[in-house]
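Before any comments, here is the structure.
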Amino acid sequence: MERVECLLFDLDDTLYPSSLGILSSCAKNIVDFMVQRLAIPADDAPHLCISLYRSHGTTMAGLVSLGYTFDYDEFHEFVHGRLPYDALRPDPALRSLLLSLPQRKLVFTNADRVHAEKALSELGIEDCFERVICFETFNRNGTARVVCKPSLEAFHHAISIAGVDPSKTLFFDDSLRNVEGAKLAGMHAVLVGSHMRGIACIDTVHSLKEALPVLWQEEEKDDSGDELLQNAADETLAVPSEVVPVAAS
Ligand SMILES: [Mg+2]
């Protein structure tokens, strides 16, 4: 693998664990929005929420593609405004880990800027990244189409905005299909929080130093850790789609 120059991190369920329940709360709020604001029958909304998430990257993108019109800022406020942010606590171990990494570091999330900044701030890592690429980076209120991960278009935008060489970029995400998307866009990618055969995986970003010591050996070429990434480079992309119980916005 070529020397890694840039690290691109998903936010939700990647920089903090899914066990905190932030995204499951988010999914419930999305269903409430669908029922209360879009008049989608309560019996249909949970299933539609998940199926749109699977087919369009986010439930919101799916709703827009179906022709529902709503204010995107209102949607984000409704969905994220009531999240249990108390569950997010400062993570000094993650902070020092991130700060010790010599590469450029950016966040790439499908969430809106308010949520991203709030979550990063609660974790105490908001100043560890040079930029947050988020919903507003690609999308304007009222546009008829939402651009988001895992579409190649979103990854190409992110690569261009970050000004990185994808072959020297390492992407981290808890979503298998986002990991697949990053690989299609030419990046190296690591799945966080679950295991999938043939995909480079880590349990948590906290284990980065043990899993990828090569990241700290910037100048001197060292192959330790390459084995993990070689899986990503060699693996065919024909893996089953992930089963996702909740829908991120
Ligand atoms: Mg995530």
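By convention in this document, the chains of the structure tokens carry letters A, B, ... by their order, each chain's residues are numbered from 1, and ligands are numbered from 1 in the order they are shown.
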Handout entry: Per-residue DSSP, segment 35-139 of chain A, filtered to helix (DSSP H, G or I), as a PyMOL selection string
Key = chain A and resi 35-36+45-56+59-65+72-80+85-87+92-100+113-123+126-128+135-138
Please report, as CSV, each residue of chain A lying at most 7 Å from ligand 1, together with the nearest pair of atoms and the separation in Å rounded to one decimal; use only C-alpha atoms and all ligand atoms, and order rows by chain and ascending residue number.
```
residue,atom,partner,partner_atom_place_in_ligand_line,distance
A:Asp10,CA,ligand 1,1 (Mg),5.6
A:Leu11,CA,ligand 1,1 (Mg),5.7
A:Asp12,CA,ligand 1,1 (Mg),4.1
A:Asp13,CA,ligand 1,1 (Mg),4.6
A:Thr14,CA,ligand 1,1 (Mg),5.4
A:Asp173,CA,ligand 1,1 (Mg),5.8
A:Asp174,CA,ligand 1,1 (Mg),5.1
A:Ser175,CA,ligand 1,1 (Mg),6.0
```
Requested write-out: N, CA and C atoms of the selected residues, as a PDB file, in the first residue's frame:
```pdb
ATOM      1  N   ASP A  10     -16.107   8.449   8.994  1.00  0.00           N
ATOM      2  CA  ASP A  10     -17.530   8.633   9.240  1.00  0.00           C
ATOM      3  C   ASP A  10     -17.678   9.103  10.698  1.00  0.00           C
ATOM      4  N   LEU A  11     -18.833   9.649  11.034  1.00  0.00           N
ATOM      5  CA  LEU A  11     -19.040  10.114  12.413  1.00  0.00           C
ATOM      6  C   LEU A  11     -19.859   9.105  13.233  1.00  0.00           C
ATOM      7  N   ASP A  12     -21.165   9.023  12.938  1.00  0.00           N
ATOM      8  CA  ASP A  12     -22.075   8.268  13.801  1.00  0.00           C
ATOM      9  C   ASP A  12     -21.786   6.774  13.776  1.00  0.00           C
ATOM     10  N   ASP A  13     -21.686   6.206  14.953  1.00  0.00           N
ATOM     11  CA  ASP A  13     -21.388   4.776  15.143  1.00  0.00           C
ATOM     12  C   ASP A  13     -20.000   4.392  14.650  1.00  0.00           C
ATOM     13  N   THR A  14     -19.181   5.378  14.330  1.00  0.00           N
ATOM     14  CA  THR A  14     -17.789   5.120  13.958  1.00  0.00           C
ATOM     15  C   THR A  14     -16.843   5.773  14.974  1.00  0.00           C
ATOM     16  N   ASP A 173     -15.675   3.537   8.309  1.00  0.00           N
ATOM     17  CA  ASP A 173     -17.126   3.681   8.426  1.00  0.00           C
ATOM     18  C   ASP A 173     -17.692   2.408   9.053  1.00  0.00           C
ATOM     19  N   ASP A 174     -18.795   2.551   9.793  1.00  0.00           N
ATOM     20  CA  ASP A 174     -19.441   1.366  10.383  1.00  0.00           C
ATOM     21  C   ASP A 174     -20.392   0.700   9.391  1.00  0.00           C
ATOM     22  N   SER A 175     -20.602   1.325   8.234  1.00  0.00           N
ATOM     23  CA  SER A 175     -21.539   0.793   7.248  1.00  0.00           C
ATOM     24  C   SER A 175     -20.773   0.063   6.142  1.00  0.00           C
TER      25      SER A 175
END
```
Problem - Selection: 7 Å around segment 134-149 of chain A, only C-alpha atoms, excl. self and same-chain fewer than 4 positions, as an NGL selection string - result: :A and (57 or 61 or 64-65 or 71-72 or 108-113 or 154-155 or 178)
Go ahead and save the picked residues with N, CA and C atoms, as a compact mmCIF listing (two decimals), in the first residue's frame.
```
# COMPACT_ATOMS: atom_id res chain seq x y z
N GLY A 57 -29.43 5.29 0.48
CA GLY A 57 -28.31 5.78 1.29
C GLY A 57 -28.78 6.39 2.59
N ALA A 61 -32.96 10.97 1.64
CA ALA A 61 -32.74 10.94 0.19
C ALA A 61 -33.86 10.16 -0.50
N VAL A 64 -37.11 12.24 -0.62
CA VAL A 64 -37.02 13.29 -1.65
C VAL A 64 -37.20 12.67 -3.03
N SER A 65 -36.62 11.51 -3.24
CA SER A 65 -36.74 10.88 -4.57
C SER A 65 -38.17 10.43 -4.84
N ASP A 71 -38.76 21.03 4.21
CA ASP A 71 -37.59 21.86 4.46
C ASP A 71 -36.49 20.97 5.09
N TYR A 72 -35.34 20.91 4.43
CA TYR A 72 -34.30 20.00 4.91
C TYR A 72 -33.78 20.39 6.30
N PHE A 108 -16.37 12.65 7.22
CA PHE A 108 -17.28 12.58 6.07
C PHE A 108 -18.55 11.88 6.54
N THR A 109 -19.59 12.66 6.78
CA THR A 109 -20.84 12.14 7.32
C THR A 109 -22.02 12.54 6.45
N ASN A 110 -23.06 11.72 6.43
CA ASN A 110 -24.30 12.09 5.74
C ASN A 110 -25.16 13.03 6.60
N ALA A 111 -24.81 13.19 7.85
CA ALA A 111 -25.62 14.02 8.76
C ALA A 111 -25.42 15.50 8.45
N ASP A 112 -26.28 16.32 9.03
CA ASP A 112 -26.16 17.76 8.80
C ASP A 112 -25.08 18.36 9.71
N ARG A 113 -24.72 19.60 9.39
CA ARG A 113 -23.61 20.24 10.09
C ARG A 113 -23.87 20.45 11.57
N ALA A 154 -21.05 11.01 -4.30
CA ALA A 154 -20.70 11.61 -3.00
C ALA A 154 -19.22 11.40 -2.69
N PHE A 155 -18.73 10.20 -2.95
CA PHE A 155 -17.31 9.95 -2.68
C PHE A 155 -16.41 10.79 -3.59
N ASN A 178 -21.00 1.68 2.73
CA ASN A 178 -20.16 2.87 2.59
C ASN A 178 -18.70 2.48 2.37
```
Handout entry: Top pick for closest residue to Ala39 of chain A, considering A:Thr69, A:Asp203, A:Asp165, A:Lys209 and counting only C-alpha atoms
Key =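 Closest to Ala39 of chain A of all the choices is A:Thr69.
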Practice task
Figure out the distance between atom CA of Leu191 of chain A and atom CA of Leu97 of chain A, please, to one decimal in Å.
Solution key: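 Between atom CA of Leu97 of chain A and atom CA of Leu191 of chain A the gap works out to 18.2 Å.
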Handout entry: Residues near Gly21 of chain A, cut-off 10 Å, only C-alpha atoms, skip fewer than 5 positions along chain, as a PyMOL selection string
Key = chain A and resi 13+26+83-85+87-88
Restricting it to C-alpha atoms, dump the selection as a PDB file, in the first residue's frame.
```pdb
ATOM      1  CA  ASP A  13     -21.388   4.776  15.143  1.00  0.00           C
ATOM      2  CA  CYS A  26     -32.523   9.026  15.213  1.00  0.00           C
ATOM      3  CA  LEU A  83     -31.302  13.089  20.293  1.00  0.00           C
ATOM      4  CA  PRO A  84     -29.871  11.914  23.644  1.00  0.00           C
ATOM      5  CA  TYR A  85     -26.616  13.842  23.285  1.00  0.00           C
ATOM      6  CA  ALA A  87     -24.897   9.793  26.066  1.00  0.00           C
ATOM      7  CA  LEU A  88     -21.913  11.311  24.250  1.00  0.00           C
TER       8      LEU A  88
END
```
Problem - Neighbour list for segment 186-190 of chain A as a list in words, cut-off 8 Å, only C-alpha atoms, skip fewer than 6 positions in-chain - result: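 Selected residues are Pro166, Ser167, Lys168, Thr169, Leu170, Phe171, Phe172, Asp173, Val179, Glu180, Ile199, Ala200, Cys201, Ile202, Leu229, Ala232 and Ala233 of chain A.
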Just to be explicit: take each residue in the selection above, keep N, CA and C atoms, and write the result as a CSV table (one decimal), in the first residue's frame.
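Generated file (out32.csv):
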```csv
chain,number,residue,atom,x,y,z
A,166,PRO,N,-7.2,9.4,-3.7
A,166,PRO,CA,-7.9,8.3,-3.1
A,166,PRO,C,-7.0,7.1,-2.8
A,167,SER,N,-6.0,6.9,-3.6
A,167,SER,CA,-5.2,5.7,-3.4
A,167,SER,C,-4.3,5.9,-2.1
A,168,LYS,N,-4.2,7.2,-1.6
A,168,LYS,CA,-3.4,7.4,-0.4
A,168,LYS,C,-4.4,7.8,0.7
A,169,THR,N,-5.6,7.5,0.6
A,169,THR,CA,-6.6,7.9,1.6
A,169,THR,C,-7.2,6.6,2.2
A,170,LEU,N,-7.4,6.7,3.5
A,170,LEU,CA,-8.0,5.5,4.3
A,170,LEU,C,-9.3,6.0,4.9
A,171,PHE,N,-10.4,5.3,4.6
A,171,PHE,CA,-11.7,5.7,5.0
A,171,PHE,C,-12.2,4.7,6.0
A,172,PHE,N,-12.9,5.2,7.1
A,172,PHE,CA,-13.4,4.4,8.1
A,172,PHE,C,-14.9,4.6,8.3
A,173,ASP,N,-15.7,3.5,8.3
A,173,ASP,CA,-17.1,3.7,8.4
A,173,ASP,C,-17.7,2.4,9.1
A,179,VAL,N,-18.3,1.4,3.1
A,179,VAL,CA,-16.9,0.9,2.9
A,179,VAL,C,-16.8,0.4,1.4
A,180,GLU,N,-17.8,-0.2,0.9
A,180,GLU,CA,-17.7,-0.7,-0.5
A,180,GLU,C,-17.7,0.5,-1.4
A,199,ILE,N,-13.1,-8.3,4.5
A,199,ILE,CA,-13.1,-6.8,4.6
A,199,ILE,C,-12.2,-6.5,5.7
A,200,ALA,N,-11.4,-5.4,5.5
A,200,ALA,CA,-10.6,-5.0,6.7
A,200,ALA,C,-11.5,-4.4,7.7
A,201,CYS,N,-11.3,-4.9,9.0
A,201,CYS,CA,-12.2,-4.5,10.0
A,201,CYS,C,-11.5,-4.2,11.3
A,202,ILE,N,-12.0,-3.2,12.1
A,202,ILE,CA,-11.5,-3.0,13.4
A,202,ILE,C,-12.7,-2.9,14.3
A,229,LEU,N,-5.1,-4.0,5.5
A,229,LEU,CA,-5.5,-3.3,4.3
A,229,LEU,C,-5.5,-4.1,3.0
A,232,ALA,N,-8.7,-5.3,1.9
A,232,ALA,CA,-9.5,-4.3,1.3
A,232,ALA,C,-9.1,-4.1,-0.2
A,233,ALA,N,-7.8,-4.2,-0.5
A,233,ALA,CA,-7.4,-4.0,-1.8
A,233,ALA,C,-7.7,-5.2,-2.7
```
Backbone-only DSSP, strand (DSSP E) members of segment 141-215 of chain A, as a short mmCIF file (atom, residue, chain, number, x, y, z; two decimals) with C-alpha atoms, in the first residue's frame:
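Written out: states_17.cif:
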```cif
data_model
loop_
_atom_site.label_atom_id
_atom_site.label_comp_id
_atom_site.auth_asym_id
_atom_site.auth_seq_id
_atom_site.Cartn_x
_atom_site.Cartn_y
_atom_site.Cartn_z
CA THR A 169 -6.65 7.86 1.59
CA LEU A 170 -7.98 5.55 4.27
CA PHE A 171 -11.71 5.66 4.97
CA PHE A 172 -13.42 4.40 8.15
CA ASP A 173 -17.13 3.68 8.43
CA HIS A 188 -8.61 2.01 1.07
CA ALA A 189 -11.37 1.38 3.59
CA VAL A 190 -11.87 -0.19 6.99
CA LEU A 191 -15.14 -1.37 8.48
CA VAL A 192 -15.58 -0.27 12.10
CA CYS A 201 -12.23 -4.54 10.05
CA ILE A 202 -11.52 -3.02 13.42
#
```
